[in-house]
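Next up, run.txt (compact mmCIF, C-alpha atoms):
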# COMPACT_ATOMS: atom_id res chain seq x y z
CA MET A 231 -7.49 -4.51 -30.10
CA THR A 232 -5.17 -1.76 -28.90
CA THR A 233 -5.43 1.96 -28.50
CA GLU A 234 -3.00 4.83 -27.99
CA ARG A 235 -3.97 7.20 -25.23
CA ASP A 236 -2.69 9.69 -22.66
CA GLY A 237 0.44 10.51 -24.66
CA LEU A 238 2.71 13.47 -23.92
CA THR A 239 2.62 16.73 -25.81
CA ARG A 240 5.70 17.62 -27.84
CA GLN A 241 6.67 20.17 -25.17
CA GLU A 242 6.40 17.58 -22.36
CA PHE A 243 8.40 15.02 -24.33
CA LEU A 244 11.19 17.48 -25.08
CA GLY A 245 11.23 18.42 -21.41
CA GLY A 246 11.78 14.77 -20.52
CA VAL A 247 14.63 14.47 -23.01
CA LEU A 248 16.30 17.57 -21.58
CA ALA A 249 15.87 16.19 -18.07
CA ALA A 250 17.54 12.97 -19.16
CA ALA A 251 20.46 14.84 -20.64
CA SER A 252 20.99 16.76 -17.41
CA LEU A 253 21.12 13.76 -15.07
CA GLY A 254 24.67 12.66 -15.75
CA GLY A 255 25.67 9.01 -15.75
CA GLY A 256 23.30 6.18 -16.60
CA ALA A 257 21.45 5.67 -19.85
CA ALA A 258 21.43 9.28 -20.98
CA ALA A 259 25.14 9.82 -20.44
CA GLN A 260 25.97 6.54 -22.13
CA GLY A 261 24.25 7.62 -25.32
CA THR A 262 21.16 5.44 -25.00
CA GLN A 263 18.12 7.24 -26.33
CA PRO A 264 15.15 7.67 -23.96
CA VAL A 265 12.26 5.30 -24.48
CA ALA A 266 9.16 6.54 -26.26
CA ALA A 267 7.20 9.07 -24.25
CA LEU A 268 5.50 7.63 -21.19
CA HIS A 269 1.74 7.91 -21.00
CA ARG A 270 0.58 10.23 -18.26
CA ARG A 271 -2.57 10.41 -16.18
CA PRO A 272 -4.04 13.35 -14.28
CA ILE A 273 -4.31 13.58 -10.51
CA PRO A 274 -8.02 14.44 -10.22
CA ALA A 275 -7.50 16.75 -7.23
CA SER A 276 -5.28 19.12 -9.22
CA GLY A 277 -5.07 18.16 -12.89
CA GLU A 278 -1.30 17.66 -12.55
CA THR A 279 -0.22 14.62 -14.57
CA LEU A 280 2.03 11.76 -13.57
CA PRO A 281 3.79 9.12 -15.70
CA VAL A 282 2.00 5.78 -15.46
CA ILE A 283 5.12 3.89 -14.33
CA GLY A 284 6.99 4.71 -11.13
CA LEU A 285 9.25 2.94 -8.65
CA GLY A 286 8.67 1.16 -5.35
CA THR A 287 11.54 0.86 -2.88
CA TRP A 288 10.47 -2.04 -0.63
CA ARG A 289 13.33 -4.50 -0.09
CA GLY A 290 15.44 -3.31 -3.01
CA PHE A 291 16.43 0.02 -1.44
CA ASP A 292 17.09 -1.32 2.06
CA VAL A 293 20.87 -1.32 1.63
CA GLY A 294 23.95 0.12 3.29
CA GLU A 295 26.15 3.04 2.32
CA THR A 296 28.86 1.27 0.33
CA PRO A 297 29.35 2.31 -3.30
CA ALA A 298 28.83 -1.29 -4.40
CA ALA A 299 25.42 -1.42 -2.71
CA ARG A 300 24.29 2.00 -3.91
CA ALA A 301 25.59 2.04 -7.51
CA PRO A 302 22.84 -0.12 -9.06
CA LEU A 303 20.17 1.85 -7.21
CA ARG A 304 21.60 5.13 -8.46
CA GLU A 305 21.32 3.68 -11.96
CA VAL A 306 17.72 2.65 -11.28
CA VAL A 307 16.79 6.20 -10.24
CA THR A 308 18.76 7.70 -13.14
CA THR A 309 16.93 5.41 -15.56
CA LEU A 310 13.53 6.27 -14.07
CA LEU A 311 14.06 10.02 -14.24
CA GLY A 312 16.05 10.03 -17.47
CA GLN A 313 13.29 8.20 -19.32
CA GLY A 314 10.43 10.34 -18.07
CA GLY A 315 9.40 8.73 -14.78
CA GLN A 316 8.82 10.68 -11.58
CA VAL A 317 7.12 8.72 -8.83
CA ILE A 318 9.24 7.06 -6.11
CA ASP A 319 7.30 5.47 -3.26
CA SER A 320 8.88 4.60 0.07
CA SER A 321 7.98 4.07 3.72
CA PRO A 322 9.45 4.11 7.24
CA MET A 323 8.71 0.37 7.29
CA TYR A 324 11.14 -0.32 4.45
CA GLY A 325 14.27 -0.30 6.59
CA ARG A 326 16.84 2.13 5.17
CA ALA A 327 14.92 2.81 1.93
CA GLU A 328 13.83 6.37 2.74
CA GLY A 329 17.38 7.44 3.54
CA VAL A 330 18.81 5.72 0.48
CA THR A 331 16.15 7.31 -1.72
CA GLY A 332 16.82 10.74 -0.26
CA ASP A 333 20.57 10.40 -0.72
CA LEU A 334 20.28 9.25 -4.33
CA VAL A 335 17.78 11.91 -5.38
CA ALA A 336 19.82 14.63 -3.70
CA GLY A 337 23.04 13.33 -5.22
CA LEU A 338 21.50 13.52 -8.68
CA GLY A 339 20.18 17.02 -8.03
CA ALA A 340 16.81 15.65 -9.07
CA ARG A 341 14.37 16.67 -6.34
CA ASP A 342 12.43 18.99 -8.65
CA ARG A 343 11.97 16.14 -11.15
CA THR A 344 10.84 13.60 -8.56
CA PHE A 345 7.42 12.91 -7.07
CA LEU A 346 8.28 11.56 -3.61
CA ALA A 347 5.68 9.54 -1.74
CA THR A 348 5.96 7.92 1.66
CA LYS A 349 3.74 6.75 4.51
CA VAL A 350 2.90 7.10 8.16
CA TRP A 351 2.38 3.82 10.03
CA THR A 352 2.18 4.26 13.78
CA SER A 353 -0.37 5.02 16.48
CA GLY A 354 -0.89 8.35 18.19
CA ARG A 355 -0.63 11.95 17.03
CA GLU A 356 2.82 12.68 18.46
CA ALA A 357 4.28 9.42 17.17
CA GLY A 358 2.84 10.19 13.75
CA LEU A 359 4.33 13.68 13.74
CA ALA A 360 7.72 12.34 14.78
CA GLN A 361 7.66 9.68 12.07
CA MET A 362 6.69 12.14 9.36
CA ARG A 363 9.34 14.64 10.42
CA ARG A 364 11.89 11.85 10.27
CA SER A 365 10.71 10.96 6.75
CA LEU A 366 11.25 14.56 5.65
CA GLN A 367 14.76 14.43 7.07
CA LEU A 368 15.65 11.10 5.49
CA LEU A 369 14.20 12.04 2.11
CA ARG A 370 16.03 15.39 2.26
CA ALA A 371 12.84 17.21 1.41
CA GLU A 372 11.36 20.43 2.75
CA ARG A 373 7.99 19.11 1.69
CA LEU A 374 6.68 15.82 0.39
CA ASP A 375 4.57 15.24 -2.67
CA LEU A 376 2.42 12.56 -1.04
CA MET A 377 1.91 11.24 2.48
CA GLN A 378 -0.21 8.09 2.89
CA ILE A 379 -1.71 6.55 6.01
CA HIS A 380 -0.54 2.98 5.65
CA ASN A 381 -2.91 0.11 6.37
CA LEU A 382 -5.35 2.68 7.80
CA LEU A 383 -3.49 2.46 11.11
CA ASP A 384 -4.99 5.09 13.45
CA TRP A 385 -6.23 6.95 10.40
CA ARG A 386 -8.74 9.07 12.31
CA THR A 387 -5.86 10.52 14.31
CA HIS A 388 -3.46 11.03 11.41
CA LEU A 389 -5.82 12.43 8.79
CA PRO A 390 -6.27 15.82 10.54
CA THR A 391 -2.49 16.06 10.87
CA LEU A 392 -2.03 15.38 7.15
CA ARG A 393 -4.64 17.98 6.31
CA ALA A 394 -2.88 20.53 8.51
CA TRP A 395 0.46 19.74 6.87
CA LYS A 396 -1.11 20.14 3.44
CA GLU A 397 -2.57 23.48 4.44
CA GLU A 398 0.86 24.56 5.70
CA GLY A 399 2.53 23.47 2.46
CA ARG A 400 4.54 20.65 4.05
CA LEU A 401 2.96 18.13 1.71
CA ARG A 402 1.11 18.43 -1.56
CA TYR A 403 -1.24 15.45 -1.48
CA LEU A 404 -2.59 13.04 1.10
CA GLY A 405 -4.04 9.56 0.90
CA ILE A 406 -4.33 6.06 2.30
CA SER A 407 -2.68 2.79 1.35
CA HIS A 408 -3.25 -0.92 1.79
CA TYR A 409 -2.20 -4.15 0.12
CA THR A 410 -4.63 -6.87 1.19
CA GLU A 411 -8.11 -7.73 -0.03
CA SER A 412 -9.26 -8.46 3.52
CA ALA A 413 -9.14 -4.71 4.24
CA TYR A 414 -11.17 -3.61 1.23
CA ASP A 415 -14.40 -3.00 3.17
CA ALA A 416 -12.57 -0.65 5.53
CA VAL A 417 -10.77 1.07 2.65
CA GLU A 418 -14.08 1.56 0.84
CA ALA A 419 -15.67 3.08 3.94
CA VAL A 420 -12.87 5.64 4.29
CA LEU A 421 -12.98 6.48 0.58
CA ARG A 422 -16.71 7.16 0.85
CA ALA A 423 -16.48 9.18 4.04
CA GLU A 424 -13.37 11.31 3.53
CA ARG A 425 -11.96 13.58 0.85
CA LEU A 426 -8.65 12.08 -0.23
CA ASP A 427 -6.21 12.79 -3.05
CA PHE A 428 -4.71 9.30 -3.44
CA LEU A 429 -5.39 5.64 -2.82
CA GLN A 430 -2.56 3.10 -3.01
CA ILE A 431 -3.84 -0.45 -3.44
CA ASN A 432 -2.82 -3.86 -4.77
CA TYR A 433 -3.99 -4.76 -8.28
CA ALA A 434 -2.66 -7.22 -10.86
CA LEU A 435 -3.75 -9.53 -13.64
CA ASP A 436 -4.11 -12.36 -11.12
CA ASP A 437 -5.39 -10.08 -8.31
CA ARG A 438 -8.34 -8.16 -9.68
CA ALA A 439 -10.61 -7.76 -6.65
CA ALA A 440 -9.97 -4.01 -6.61
CA GLU A 441 -11.84 -3.79 -9.93
CA GLU A 442 -15.12 -4.64 -8.23
CA ARG A 443 -15.59 -1.61 -5.99
CA LEU A 444 -12.40 0.26 -5.12
CA LEU A 445 -11.19 1.35 -8.56
CA PRO A 446 -14.66 2.50 -9.71
CA LEU A 447 -15.17 4.29 -6.39
CA ALA A 448 -11.81 6.05 -6.66
CA ALA A 449 -12.76 7.28 -10.13
CA GLU A 450 -16.16 8.41 -8.87
CA ARG A 451 -14.63 10.24 -5.90
CA GLY A 452 -11.85 11.88 -7.92
CA VAL A 453 -9.05 9.97 -6.18
CA ALA A 454 -5.78 9.14 -7.94
CA VAL A 455 -4.64 5.50 -7.68
CA LEU A 456 -1.14 4.15 -7.15
CA VAL A 457 -0.89 0.40 -7.69
CA ASN A 458 1.42 -1.70 -5.58
CA ARG A 459 2.17 -5.37 -6.31
CA PRO A 460 1.35 -5.00 -10.03
CA PHE A 461 3.10 -8.30 -10.76
CA GLY A 462 0.69 -10.11 -8.48
CA GLY A 463 1.53 -12.60 -5.80
CA GLY A 464 2.51 -16.23 -5.51
CA GLY A 465 5.42 -16.01 -7.93
CA LEU A 466 3.25 -15.14 -10.94
CA LEU A 467 6.05 -13.45 -12.86
CA ARG A 468 8.48 -16.31 -12.24
CA ARG A 469 5.84 -18.82 -13.31
CA LEU A 470 5.02 -16.96 -16.50
CA GLY A 471 8.67 -16.44 -17.40
CA ALA A 472 8.98 -19.95 -18.78
CA LYS A 473 5.91 -19.64 -20.99
CA PRO A 474 5.81 -18.17 -24.50
CA LEU A 475 4.42 -14.69 -24.87
CA PRO A 476 0.81 -14.51 -26.11
CA ASP A 477 0.06 -13.52 -29.69
CA TYR A 478 -1.03 -10.00 -28.68
CA ALA A 479 2.38 -9.19 -27.15
CA ALA A 480 3.75 -7.86 -30.44
CA ASP A 481 0.68 -5.65 -30.97
CA LEU A 482 1.29 -4.11 -27.56
CA GLY A 483 5.03 -3.74 -28.15
CA CYS A 484 5.81 -6.09 -25.25
CA ALA A 485 9.02 -8.12 -25.13
CA SER A 486 8.38 -9.73 -21.73
CA TRP A 487 5.67 -10.94 -19.39
CA ALA A 488 6.57 -8.11 -17.00
CA GLU A 489 5.62 -5.56 -19.64
CA ILE A 490 2.35 -7.39 -20.34
CA LEU A 491 1.41 -7.47 -16.66
CA LEU A 492 2.17 -3.78 -16.25
CA LYS A 493 0.26 -2.81 -19.39
CA PHE A 494 -2.78 -4.61 -18.04
CA VAL A 495 -2.59 -2.64 -14.79
CA VAL A 496 -1.98 0.84 -16.19
CA SER A 497 -4.57 0.44 -18.95
CA HIS A 498 -7.32 0.46 -16.33
CA PRO A 499 -8.84 3.95 -16.60
CA ALA A 500 -8.88 4.51 -12.83
CA VAL A 501 -5.16 3.77 -12.39
CA THR A 502 -2.82 6.75 -12.25
CA CYS A 503 0.54 5.04 -11.77
CA ALA A 504 1.95 1.58 -11.05
CA ILE A 505 4.96 1.41 -8.71
CA PRO A 506 6.75 -1.93 -9.20
CA GLY A 507 9.79 -2.31 -6.98
CA THR A 508 13.18 -3.09 -8.45
CA ALA A 509 16.87 -2.75 -7.69
CA ASP A 510 17.84 -3.73 -11.26
CA PRO A 511 18.40 -0.95 -13.85
CA GLY A 512 17.49 -3.32 -16.69
CA HIS A 513 14.20 -4.20 -15.04
CA MET A 514 13.54 -0.49 -14.46
CA ALA A 515 14.00 0.18 -18.19
CA ALA A 516 11.67 -2.69 -19.11
CA ASN A 517 9.06 -1.46 -16.65
CA LEU A 518 9.18 1.98 -18.21
CA ARG A 519 8.68 0.52 -21.69
CA ALA A 520 5.39 -0.89 -20.43
CA GLY A 521 4.19 2.68 -19.95
CA THR A 522 4.65 3.56 -23.62
CA GLY A 523 3.01 2.70 -26.91
CA PRO A 524 -0.28 0.86 -27.47
CA MET A 525 -2.39 -0.11 -24.47
CA PRO A 526 -4.97 -2.89 -24.23
CA ASP A 527 -8.52 -1.80 -24.92
CA GLU A 528 -11.37 -3.23 -22.87
CA ALA A 529 -11.90 -6.21 -25.15
CA LEU A 530 -8.24 -7.20 -24.94
CA ARG A 531 -8.19 -6.65 -21.20
CA ARG A 532 -11.05 -9.14 -20.85
CA ARG A 533 -9.19 -11.61 -23.03
CA MET A 534 -6.00 -11.18 -21.02
CA ALA A 535 -7.87 -11.88 -17.79
CA ALA A 536 -9.66 -14.90 -19.24
CA THR A 537 -6.58 -16.53 -20.74
CA LEU A 538 -3.93 -15.99 -18.05
CA PRO A 539 -1.75 -19.13 -18.24
CA ALA A 540 -1.99 -21.46 -15.26
Output the structure of this file as structure tokens.
Amino acid sequence: MTTERDGLTRQEFLGGVLAAASLGGGAAAQGTQPVAALHRRPIPASGETLPVIGLGTWRGFDVGETPAARAPLREVVTTLLGQGGQVIDSSPMYGRAEGVTGDLVAGLGARDRTFLATKVWTSGREAGLAQMRRSLQLLRAERLDLMQIHNLLDWRTHLPTLRAWKEEGRLRYLGISHYTESAYDAVEAVLRAERLDFLQINYALDDRAAEERLLPLAAERGVAVLVNRPFGGGGLLRRLGAKPLPDYAADLGCASWAEILLKFVVSHPAVTCAIPGTADPGHMAANLRAGTGPMPDEALRRRMAATLPA
């Protein structure tokens, strides 16, 4: 019922171990061995691969400058990078998250090991330029890995700007993002009409509408997919936490419902990376474990969807 796929080469794995050793502090410095190698997926536009588990910064990274507020987040980032992760997604709408992310990555000397993604969410060309320049400043980056037009707000205005920035080398990839099913028709129309590198969309075991058209279309159009809200909505994870793990959990190497939910998401062939948000280093480590080892095959995925506990 399970299959191994998208594993790292020996050279890539050793590179991750060396990166962990160089971070200082956190799991690597404390003698904890890195988890098994994270599966990786290619970005269709370039062939570059990304680990299937990343980090979202909504809510959790909107904190002040005190050591007490920042210390757990530093450990989260250290754990992500030390165990082979790369992707950190933020946004100007997340309060202080961009600045906190930039400070932590710079403090760890980890910019070259980090895939930084953020968003533009405003109307008008000049406002968009100002917001993106501010994101560069806050993230302490000369260029960004990914800029996304959030919620398709004024996308016709911003897309030429993003293309110009990509041509100038100020960003590497461009895309769009959304998080509600009510916008899927509009998202689909843009995916069909425009050449994009990335789509960020909501997808979870209890929120599978993206499977119908958007994920197949992204695969068809050669668009990488970041998944937000991979734990679903309506308190799914809290509700499942009191229930026993299903019999297939051991086969998948899962010790928690969080790992099961993430394995379902990243086992979809169109998904490049899931970006669950957390401010807890232990949760970050568990999320990363979900990106290793056996993954559900199609038969098990169907069973998981059909037998989700109420």
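Note that the spacing between CA of Leu392 (chain A) and CA of Gly354 (chain A) amounts to 13.1 Å.
Taking only C-alpha atoms into account, Gly463 (chain A) lies nearest to A:Ala434 out of the set A:Ala488, A:Ala299, A:Leu346, A:Ala434.
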Min atom-atom distance to Pro322 (chain A) from the set A:Leu491, A:Leu368, A:Ala394, A:Ala529, counting only C-alpha atoms, belongs to A:Leu368
*Which polymer residues have any atom within 12 Å of an atom of Gly329 (chain A), counting only C-alpha atoms, with same-chain residues fewer than 6 positions away left out, as number ranges by chain?*
A: 287, 291-295, 300, 320-323, 335-337, 348, 364-371
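Taking CA of Thr296 (chain A) and CA of Thr508 (chain A) as endpoints, the distance between them is 18.5 Å.
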request  = With a distance cut-off of 12 Å and all atoms listed in the file, select the neighbouring residues of Val307 (chain A), excluding the residue or stretch itself and same-chain residues fewer than 5 positions from it, and output the selection as a PyMOL selection string.
outcome  = chain A and resi 250+253-257+284-287+291+300-302+312-319+330-341+343-345+507-515+518
Using only C-alpha atoms, the residue out of A:Leu401, A:Ile431, A:Ile379, A:Leu280 with shortest distance to Arg363 (chain A) is A:Leu401
Counting only C-alpha atoms, what is within 12 Å of Arg533 (chain A), bar same-chain residues fewer than 6 positions away, as an mmCIF file with C-alpha atoms, in the frame of the given file?
data_model
loop_
_atom_site.group_PDB
_atom_site.id
_atom_site.type_symbol
_atom_site.label_atom_id
_atom_site.label_comp_id
_atom_site.auth_asym_id
_atom_site.auth_seq_id
_atom_site.Cartn_x
_atom_site.Cartn_y
_atom_site.Cartn_z
ATOM 1 C CA MET A 231 -7.490 -4.510 -30.100
ATOM 2 C CA LEU A 435 -3.750 -9.530 -13.640
ATOM 3 C CA PRO A 476 0.810 -14.510 -26.110
ATOM 4 C CA ASP A 477 0.060 -13.520 -29.690
ATOM 5 C CA TYR A 478 -1.030 -10.000 -28.680
ATOM 6 C CA PHE A 494 -2.780 -4.610 -18.040
ATOM 7 C CA PRO A 526 -4.970 -2.890 -24.230
ATOM 8 C CA ASP A 527 -8.520 -1.800 -24.920
ATOM 9 C CA PRO A 539 -1.750 -19.130 -18.240
#
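Closest approach to Ala413 (chain A) from the set A:His380, A:His269, A:His498, A:His388 is made by A:His380, with distances taken over all atoms listed in the file.
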Using only C-alpha atoms, the shortest atom-to-atom distance to Arg519 (chain A) among A:Ala275, A:Leu389, A:Leu268, A:Leu538 belongs to A:Leu268
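The smallest atom-to-atom distance between Val501 (chain A) and any of A:Val420, A:Leu404, A:Leu445, A:Leu383, using all atoms listed in the file, is found for A:Leu445.
Interatomic distance, CA of Glu305 (chain A) against CA of Trp288 (chain A): 16.7 Å.
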If you count only C-alpha atoms, which residues fall within 9 Å of Tyr433 (chain A), apart from same-chain ones fewer than 6 positions away, as a PyMOL selection string?
chain A and resi 409+439-441+457-462+495
